[in-house]
file work_21.csv (CSV, C-alpha atoms)
chain,number,residue,atom,x,y,z
A,14,MET,CA,23.0,-22.9,-66.7
A,15,ASN,CA,23.6,-26.6,-66.4
A,16,VAL,CA,23.9,-27.5,-62.6
A,17,HIS,CA,26.8,-29.9,-63.3
A,18,LEU,CA,28.8,-27.0,-64.8
A,19,ALA,CA,27.7,-24.2,-62.6
A,20,HIS,CA,30.5,-24.8,-60.0
A,21,HIS,CA,33.1,-23.8,-62.7
A,22,LEU,CA,31.7,-20.2,-62.7
A,23,THR,CA,31.6,-19.1,-59.1
A,24,TRP,CA,32.3,-15.9,-57.1
A,25,PRO,CA,35.4,-16.2,-54.9
A,26,VAL,CA,34.8,-17.0,-51.2
A,27,GLY,CA,37.0,-18.5,-48.5
A,28,ASP,CA,40.3,-19.7,-49.8
A,29,ALA,CA,39.5,-18.7,-53.3
A,30,LEU,CA,38.8,-15.1,-52.1
A,31,GLN,CA,42.3,-15.1,-50.4
A,32,LEU,CA,43.9,-16.3,-53.6
A,33,ALA,CA,42.2,-13.7,-55.7
A,34,GLU,CA,43.2,-10.9,-53.3
A,35,ILE,CA,46.8,-12.1,-53.1
A,36,GLY,CA,47.1,-12.3,-56.9
A,37,LEU,CA,45.7,-8.8,-57.6
A,38,ALA,CA,47.8,-7.4,-54.8
A,39,ARG,CA,50.9,-8.7,-56.5
A,40,ALA,CA,49.7,-6.9,-59.6
A,41,GLY,CA,49.8,-3.7,-57.6
A,42,PHE,CA,46.3,-3.2,-56.3
A,43,PRO,CA,45.6,-4.8,-52.9
A,44,ARG,CA,42.3,-5.9,-51.4
A,45,THR,CA,40.8,-6.5,-54.8
A,46,ILE,CA,38.4,-9.4,-55.4
A,47,SER,CA,37.9,-9.2,-59.1
A,48,ALA,CA,38.1,-7.0,-62.2
A,49,VAL,CA,35.1,-6.1,-64.4
A,50,ASP,CA,34.8,-5.1,-68.0
A,51,GLY,CA,32.6,-5.6,-71.1
A,52,CYS,CA,33.3,-6.7,-74.6
A,53,HIS,CA,31.3,-7.1,-77.8
A,54,ILE,CA,30.4,-10.5,-79.4
A,55,ALA,CA,29.6,-9.9,-83.1
A,56,ILE,CA,26.3,-11.5,-84.3
A,57,ARG,CA,24.2,-11.6,-87.4
A,58,ARG,CA,21.4,-8.9,-87.7
A,59,PRO,CA,18.7,-9.9,-85.3
A,60,ARG,CA,15.1,-10.1,-86.6
A,61,ALA,CA,13.6,-8.3,-83.5
A,62,ASN,CA,14.7,-4.7,-82.7
A,63,PRO,CA,17.9,-4.9,-84.8
A,64,ASN,CA,18.9,-1.2,-84.2
A,65,ALA,CA,19.3,-1.9,-80.4
A,66,TYR,CA,22.1,-4.4,-81.3
A,67,LEU,CA,24.0,-2.0,-83.7
A,68,ASN,CA,27.0,-0.8,-81.8
A,69,ARG,CA,29.0,2.4,-82.2
A,70,ASN,CA,31.4,0.6,-84.6
A,71,GLN,CA,28.4,-0.1,-86.9
A,72,TYR,CA,28.1,-3.9,-86.6
A,73,TYR,CA,25.6,-6.0,-84.7
A,74,SER,CA,26.7,-7.4,-81.3
A,75,ILE,CA,25.7,-8.4,-77.9
A,76,ILE,CA,27.7,-7.4,-74.8
A,77,LEU,CA,29.5,-9.8,-72.5
A,78,THR,CA,29.9,-8.3,-69.0
A,79,ALA,CA,32.4,-10.3,-67.1
A,80,PHE,CA,34.2,-10.4,-63.7
A,81,CYS,CA,37.4,-12.3,-63.4
A,82,ASP,CA,40.0,-13.1,-60.7
A,83,SER,CA,43.8,-12.8,-60.8
A,84,ARG,CA,44.1,-16.2,-62.6
A,85,ARG,CA,41.9,-14.9,-65.4
A,86,ARG,CA,39.1,-17.2,-64.4
A,87,PHE,CA,35.6,-15.8,-64.8
A,88,CYS,CA,33.7,-15.3,-61.5
A,89,HIS,CA,30.5,-14.1,-63.1
A,90,VAL,CA,29.3,-13.4,-66.6
A,91,THR,CA,26.2,-11.8,-68.1
A,92,ALA,CA,25.8,-12.1,-71.9
A,93,GLY,CA,23.1,-10.9,-74.2
A,94,HIS,CA,22.6,-7.2,-73.6
A,95,PRO,CA,22.2,-5.1,-76.8
A,96,GLY,CA,25.5,-3.9,-78.4
A,97,SER,CA,24.2,-0.3,-78.4
A,98,TRP,CA,24.3,-0.2,-74.6
A,99,HIS,CA,27.3,1.3,-72.7
A,100,ASP,CA,29.2,-0.5,-69.9
A,101,ALA,CA,27.4,1.2,-67.0
A,102,ARG,CA,24.0,0.3,-68.3
A,103,ALA,CA,25.0,-3.3,-69.0
A,104,PHE,CA,26.5,-3.5,-65.5
A,105,ARG,CA,23.3,-2.3,-63.9
A,106,HIS,CA,21.5,-5.3,-65.4
A,107,THR,CA,23.8,-7.9,-63.9
A,108,ALA,CA,23.2,-10.0,-60.8
A,109,VAL,CA,26.4,-8.6,-59.2
A,110,ALA,CA,25.0,-5.0,-59.5
A,111,THR,CA,21.8,-6.1,-57.9
A,112,ALA,CA,23.6,-7.9,-55.0
A,113,LEU,CA,25.8,-4.8,-54.5
A,114,ALA,CA,22.7,-2.6,-54.2
A,115,GLU,CA,20.8,-5.0,-51.8
A,116,GLU,CA,23.4,-7.1,-49.9
A,117,PRO,CA,26.9,-5.7,-50.8
A,118,ARG,CA,28.8,-7.6,-48.1
A,119,PHE,CA,27.5,-10.9,-49.4
A,120,LEU,CA,29.9,-10.5,-52.4
A,121,VAL,CA,32.4,-7.9,-51.2
A,122,PRO,CA,33.7,-8.1,-47.6
A,123,GLU,CA,34.3,-4.8,-45.7
A,124,GLY,CA,37.5,-3.1,-46.9
A,125,MET,CA,37.6,-5.0,-50.2
A,126,HIS,CA,36.5,-4.0,-53.7
A,127,ILE,CA,36.0,-4.8,-57.4
A,128,ILE,CA,38.0,-2.7,-59.9
A,129,GLY,CA,36.7,-1.4,-63.2
A,130,ASP,CA,37.6,1.3,-65.7
A,131,SER,CA,36.1,4.8,-66.0
A,132,ALA,CA,32.9,3.6,-67.6
A,133,TYR,CA,31.7,2.0,-64.4
A,134,PRO,CA,29.9,3.7,-61.5
A,135,LEU,CA,32.1,4.6,-58.5
A,136,LEU,CA,30.6,2.5,-55.6
A,137,PRO,CA,31.8,1.7,-52.1
A,138,GLN,CA,32.5,-1.8,-53.4
A,139,LEU,CA,33.6,-0.9,-57.0
A,140,THR,CA,36.5,1.5,-57.5
A,141,LYS,CA,37.7,3.0,-60.7
A,142,PRO,CA,40.4,5.5,-62.0
A,143,TYR,CA,40.3,9.2,-61.2
A,144,ARG,CA,39.6,11.5,-64.0
A,145,ASP,CA,42.9,12.7,-65.4
A,146,ASN,CA,43.6,15.9,-63.6
A,147,GLY,CA,47.4,15.9,-63.7
A,148,HIS,CA,47.8,15.8,-60.0
A,149,LEU,CA,48.6,13.1,-57.4
A,150,THR,CA,46.3,10.5,-58.8
A,151,ALA,CA,48.5,9.2,-61.7
A,152,ARG,CA,50.1,6.5,-59.6
A,153,PHE,CA,46.8,5.3,-58.3
A,154,ASN,CA,45.4,5.1,-61.9
A,155,GLN,CA,48.5,3.4,-63.1
A,156,ARG,CA,48.4,0.7,-60.4
A,157,LEU,CA,44.6,0.1,-60.9
A,158,HIS,CA,45.2,-0.3,-64.7
A,159,SER,CA,48.0,-2.7,-64.2
A,160,ALA,CA,45.7,-4.9,-62.0
A,161,ARG,CA,42.6,-4.4,-64.1
A,162,VAL,CA,44.3,-5.5,-67.4
A,163,VAL,CA,43.7,-9.1,-66.2
A,164,ILE,CA,40.1,-9.0,-67.4
A,165,GLU,CA,41.2,-7.8,-70.9
A,166,HIS,CA,43.7,-10.7,-71.0
A,167,ALA,CA,40.8,-13.1,-70.0
A,168,PHE,CA,38.7,-11.8,-72.9
A,169,GLY,CA,41.6,-12.2,-75.3
A,170,LEU,CA,42.2,-15.8,-74.2
A,171,LEU,CA,38.5,-16.6,-74.4
A,172,LYS,CA,38.2,-15.4,-78.0
A,173,GLY,CA,41.6,-17.0,-78.8
A,174,LYS,CA,40.4,-20.4,-77.6
A,175,PHE,CA,36.9,-20.1,-79.0
A,176,ARG,CA,37.3,-18.4,-82.4
A,177,ARG,CA,33.5,-18.8,-83.1
A,178,LEU,CA,33.0,-15.9,-80.6
A,179,ASN,CA,34.5,-13.6,-83.2
A,180,TYR,CA,31.1,-14.0,-85.0
A,181,LEU,CA,28.1,-15.9,-83.9
A,182,TYR,CA,25.8,-16.8,-86.7
A,183,MET,CA,22.7,-17.5,-84.6
A,184,ALA,CA,19.2,-16.2,-84.9
A,185,ARG,CA,18.0,-16.2,-81.3
A,186,VAL,CA,19.6,-14.0,-78.7
A,187,GLU,CA,18.8,-16.5,-76.0
A,188,ASP,CA,20.9,-19.1,-77.9
A,189,ILE,CA,23.7,-16.6,-78.2
A,190,ARG,CA,23.6,-15.9,-74.5
A,191,GLN,CA,23.8,-19.6,-73.7
A,192,ALA,CA,26.6,-20.2,-76.2
A,193,VAL,CA,28.7,-17.4,-74.8
A,194,THR,CA,28.2,-18.4,-71.2
A,195,ALA,CA,29.1,-22.0,-72.1
A,196,CYS,CA,32.4,-20.8,-73.7
A,197,CYS,CA,33.2,-18.8,-70.5
A,198,ILE,CA,32.7,-22.0,-68.4
A,199,LEU,CA,34.9,-24.0,-70.8
A,200,HIS,CA,37.5,-21.3,-70.5
A,201,ASN,CA,37.5,-21.7,-66.8
A,202,ILE,CA,37.8,-25.5,-67.1
A,203,CYS,CA,40.7,-25.5,-69.5
A,204,ILE,CA,42.7,-22.4,-68.7
A,205,GLU,CA,46.3,-23.0,-67.5
A,206,PRO,CA,48.5,-20.7,-65.5
A,207,ALA,CA,51.1,-20.7,-68.3
A,208,ASP,CA,48.6,-19.6,-70.9
A,209,ARG,CA,49.8,-16.5,-72.7
A,210,LEU,CA,48.0,-13.9,-74.8
A,211,ASN,CA,49.5,-13.5,-78.3
A,212,ALA,CA,49.2,-10.3,-80.4
A,213,GLU,CA,46.5,-11.7,-82.6
A,214,ASP,CA,44.3,-12.7,-79.6
A,215,ALA,CA,44.9,-9.3,-78.0
A,216,ALA,CA,43.6,-7.6,-81.1
A,217,VAL,CA,40.1,-9.2,-80.8
A,218,PHE,CA,39.3,-7.4,-77.6
A,219,ASP,CA,36.7,-4.8,-78.3
A,220,ALA,CA,35.7,-2.6,-75.4
A,221,VAL,CA,32.2,-1.3,-74.9
A,222,GLU,CA,31.5,2.4,-75.3
A,223,HIS,CA,32.5,4.4,-72.2
A,224,VAL,CA,30.1,6.9,-70.6
A,225,GLU,CA,31.2,8.1,-67.2
A,226,PRO,CA,28.4,7.9,-64.6
A,227,HIS,CA,28.2,10.2,-61.6
A,228,ASP,CA,30.4,9.4,-58.6
A,229,ASN,CA,29.0,8.1,-55.2
A,230,PRO,CA,30.3,10.5,-52.4
A,231,GLN,CA,30.9,7.6,-50.0
A,232,ALA,CA,32.7,5.6,-52.7
A,233,ALA,CA,34.8,8.7,-53.5
A,234,ALA,CA,35.9,9.0,-49.9
A,235,TYR,CA,36.9,5.3,-49.9
A,236,ARG,CA,38.9,5.7,-53.1
A,237,ASP,CA,40.6,8.7,-51.6
A,238,GLY,CA,41.7,6.6,-48.7
A,239,LEU,CA,43.1,4.0,-51.0
A,240,CYS,CA,45.0,6.6,-53.0
A,241,ASN,CA,46.5,8.1,-49.8
A,242,ASN,CA,47.8,4.7,-48.8
A,243,PHE,CA,49.6,4.5,-52.2

call {"tool": "encode", "arguments": {"input": "work_21.csv", "output": "structure tokens"}}
result
Amino acid sequence: MNVHLAHHLTWPVGDALQLAEIGLARAGFPRTISAVDGCHIAIRRPRANPNAYLNRNQYYSIILTAFCDSRRRFCHVTAGHPGSWHDARAFRHTAVATALAEEPRFLVPEGMHIIGDSAYPLLPQLTKPYRDNGHLTARFNQRLHSARVVIEHAFGLLKGKFRRLNYLYMARVEDIRQAVTACCILHNICIEPADRLNAEDAAVFDAVEHVEPHDNPQAAAYRDGLCNNF
């Protein structure tokens, strides 16, 4: 990444961390740093290992895994993983997942968390909805979804501003990765608080296949505590 642009794609710390937490708390889910999700970027058929890039909807794509704050600004992005992967696998290959495994408090202070959907692993620093069991977790799931939708809006705005992301006609995956990352940086530079997602932009969001990973017992206890507070 160009060093002159890197500061436009940064993890929230200090005042930015407080702003991110306040914004997502207003959305109904307090103590949240960012929301994570993945989407497909359609590409031409790669020359090398094309089957790996053929997704469940039967077109070739790479996965963009992104984290964003309450202002729909991307905090971290990883682009280029094969379209046949599911969310949890793509997440495991991000720098954020590595940091959470090695030095979790470097990114996520004690008592705070990232939010994701059911495709992601339940970690002490990453919480997700309960499986639908028809009991007392519906309010928790509803509030988490209301806050997490910010990442879907970010994807919609990104693809709405940069229409070329609807199909990238590039031969090299490395070039695709750099182009997608550059668009995410430009999104952060030009996004305005008043930006709205129209119906056409919302339709371009294409989620990655969901395969629920096993829950972490420590993380499950942390989530139960959050749910009880609600």

call {"tool": "residues_around", "arguments": {"input": "work_21.csv", "residues": "Ser74 of chain A", "least_positions_apart": "3", "cutoff": "6 Å", "atoms": "all atoms listed in the file", "output": "compact mmCIF listing (two decimals) with C-alpha atoms, keeping the file's coordinate frame"}}
result
# COMPACT_ATOMS: atom_id res chain seq x y z
CA HIS A 53 31.30 -7.10 -77.80
CA ILE A 54 30.40 -10.50 -79.40
CA ALA A 55 29.60 -9.90 -83.10
CA ILE A 56 26.30 -11.50 -84.30
CA TYR A 66 22.10 -4.40 -81.30
CA GLY A 96 25.50 -3.90 -78.40

call {"tool": "residues_near_point", "arguments": {"input": "work_21.csv", "point": "(25.9, -11.0, -63.8)", "cutoff": "10 Å", "atoms": "all atoms listed in the file", "output": "list in words"}}
result
Leu77, Thr78, Ala79, Phe80, Cys88, His89, Val90, Thr91, Ala92, Ala103, Phe104, Arg105, His106, Thr107, Ala108, Val109, Ala110, Thr111 and Ala112 of chain A

call {"tool": "residues_around", "arguments": {"input": "work_21.csv", "residues": "segment 156-172 of chain A", "least_positions_apart": "4", "cutoff": "8 Å", "atoms": "all atoms listed in the file", "output": "mmCIF file with C-alpha atoms, in the frame of the given file"}}
result
data_model
loop_
_atom_site.group_PDB
_atom_site.id
_atom_site.type_symbol
_atom_site.label_atom_id
_atom_site.label_comp_id
_atom_site.auth_asym_id
_atom_site.auth_seq_id
_atom_site.Cartn_x
_atom_site.Cartn_y
_atom_site.Cartn_z
ATOM 1 C CA LEU A 37 45.700 -8.800 -57.600
ATOM 2 C CA ALA A 38 47.800 -7.400 -54.800
ATOM 3 C CA ALA A 40 49.700 -6.900 -59.600
ATOM 4 C CA GLY A 41 49.800 -3.700 -57.600
ATOM 5 C CA PHE A 42 46.300 -3.200 -56.300
ATOM 6 C CA ALA A 48 38.100 -7.000 -62.200
ATOM 7 C CA VAL A 49 35.100 -6.100 -64.400
ATOM 8 C CA ASP A 50 34.800 -5.100 -68.000
ATOM 9 C CA CYS A 52 33.300 -6.700 -74.600
ATOM 10 C CA ALA A 79 32.400 -10.300 -67.100
ATOM 11 C CA PHE A 80 34.200 -10.400 -63.700
ATOM 12 C CA CYS A 81 37.400 -12.300 -63.400
ATOM 13 C CA ASP A 82 40.000 -13.100 -60.700
ATOM 14 C CA SER A 83 43.800 -12.800 -60.800
ATOM 15 C CA ARG A 84 44.100 -16.200 -62.600
ATOM 16 C CA ARG A 85 41.900 -14.900 -65.400
ATOM 17 C CA ARG A 86 39.100 -17.200 -64.400
ATOM 18 C CA PHE A 87 35.600 -15.800 -64.800
ATOM 19 C CA ILE A 128 38.000 -2.700 -59.900
ATOM 20 C CA GLY A 129 36.700 -1.400 -63.200
ATOM 21 C CA ASP A 130 37.600 1.300 -65.700
ATOM 22 C CA LYS A 141 37.700 3.000 -60.700
ATOM 23 C CA PRO A 142 40.400 5.500 -62.000
ATOM 24 C CA ARG A 152 50.100 6.500 -59.600
ATOM 25 C CA ARG A 176 37.300 -18.400 -82.400
ATOM 26 C CA ARG A 177 33.500 -18.800 -83.100
ATOM 27 C CA LEU A 178 33.000 -15.900 -80.600
ATOM 28 C CA ASN A 179 34.500 -13.600 -83.200
ATOM 29 C CA CYS A 196 32.400 -20.800 -73.700
ATOM 30 C CA CYS A 197 33.200 -18.800 -70.500
ATOM 31 C CA HIS A 200 37.500 -21.300 -70.500
ATOM 32 C CA ARG A 209 49.800 -16.500 -72.700
ATOM 33 C CA LEU A 210 48.000 -13.900 -74.800
ATOM 34 C CA ASP A 214 44.300 -12.700 -79.600
ATOM 35 C CA ALA A 215 44.900 -9.300 -78.000
ATOM 36 C CA ALA A 216 43.600 -7.600 -81.100
ATOM 37 C CA VAL A 217 40.100 -9.200 -80.800
ATOM 38 C CA PHE A 218 39.300 -7.400 -77.600
#

call {"tool": "atom_distance", "arguments": {"input": "work_21.csv", "atom1": "atom CA of Glu34 of chain A", "atom2": "atom CA of Arg144 of chain A"}}
result
25.1 Å

call {"tool": "atom_distance", "arguments": {"input": "work_21.csv", "atom1": "atom CA of Cys240 of chain A", "atom2": "atom CA of Asn154 of chain A"}}
result
9.0 Å

call {"tool": "residues_around", "arguments": {"input": "work_21.csv", "residues": "Phe119 of chain A", "least_positions_apart": "3", "cutoff": "12 Å", "atoms": "all atoms listed in the file", "output": "mmCIF file with C-alpha atoms, in the frame of the given file"}}
result
data_model
loop_
_atom_site.group_PDB
_atom_site.id
_atom_site.type_symbol
_atom_site.label_atom_id
_atom_site.label_comp_id
_atom_site.auth_asym_id
_atom_site.auth_seq_id
_atom_site.Cartn_x
_atom_site.Cartn_y
_atom_site.Cartn_z
ATOM 1 C CA TRP A 24 32.300 -15.900 -57.100
ATOM 2 C CA PRO A 25 35.400 -16.200 -54.900
ATOM 3 C CA VAL A 26 34.800 -17.000 -51.200
ATOM 4 C CA VAL A 109 26.400 -8.600 -59.200
ATOM 5 C CA ALA A 110 25.000 -5.000 -59.500
ATOM 6 C CA THR A 111 21.800 -6.100 -57.900
ATOM 7 C CA ALA A 112 23.600 -7.900 -55.000
ATOM 8 C CA LEU A 113 25.800 -4.800 -54.500
ATOM 9 C CA ALA A 114 22.700 -2.600 -54.200
ATOM 10 C CA GLU A 115 20.800 -5.000 -51.800
ATOM 11 C CA GLU A 116 23.400 -7.100 -49.900
ATOM 12 C CA PRO A 122 33.700 -8.100 -47.600
ATOM 13 C CA GLU A 123 34.300 -4.800 -45.700
ATOM 14 C CA MET A 125 37.600 -5.000 -50.200
ATOM 15 C CA GLN A 138 32.500 -1.800 -53.400
#

call {"tool": "closest_residue", "arguments": {"input": "work_21.csv", "among": "A:Cys203, A:Ile76, A:Val186, A:Ala132", "to": "Ser97 of chain A", "atoms": "only C-alpha atoms"}}
result
A:Ile76

call {"tool": "closest_residue", "arguments": {"input": "work_21.csv", "among": "A:Asn62, A:Gln231, A:Ser47, A:Gln71", "to": "Val121 of chain A", "atoms": "only C-alpha atoms"}}
result
A:Ser47

call {"tool": "atom_distance", "arguments": {"input": "work_21.csv", "atom1": "atom CA of Leu136 of chain A", "atom2": "atom CA of Ala232 of chain A"}}
result
4.7 Å

call {"tool": "closest_residue", "arguments": {"input": "work_21.csv", "among": "A:Leu67, A:Leu30, A:Ile75, A:Leu199", "to": "Glu187 of chain A", "atoms": "only C-alpha atoms"}}
result
A:Ile75

call {"tool": "residues_around", "arguments": {"input": "work_21.csv", "residues": "Met183 of chain A", "least_positions_apart": "3", "cutoff": "10 Å", "atoms": "only C-alpha atoms", "output": "ChimeraX atom specification"}}
result
/A:56-59,180,186-189,192
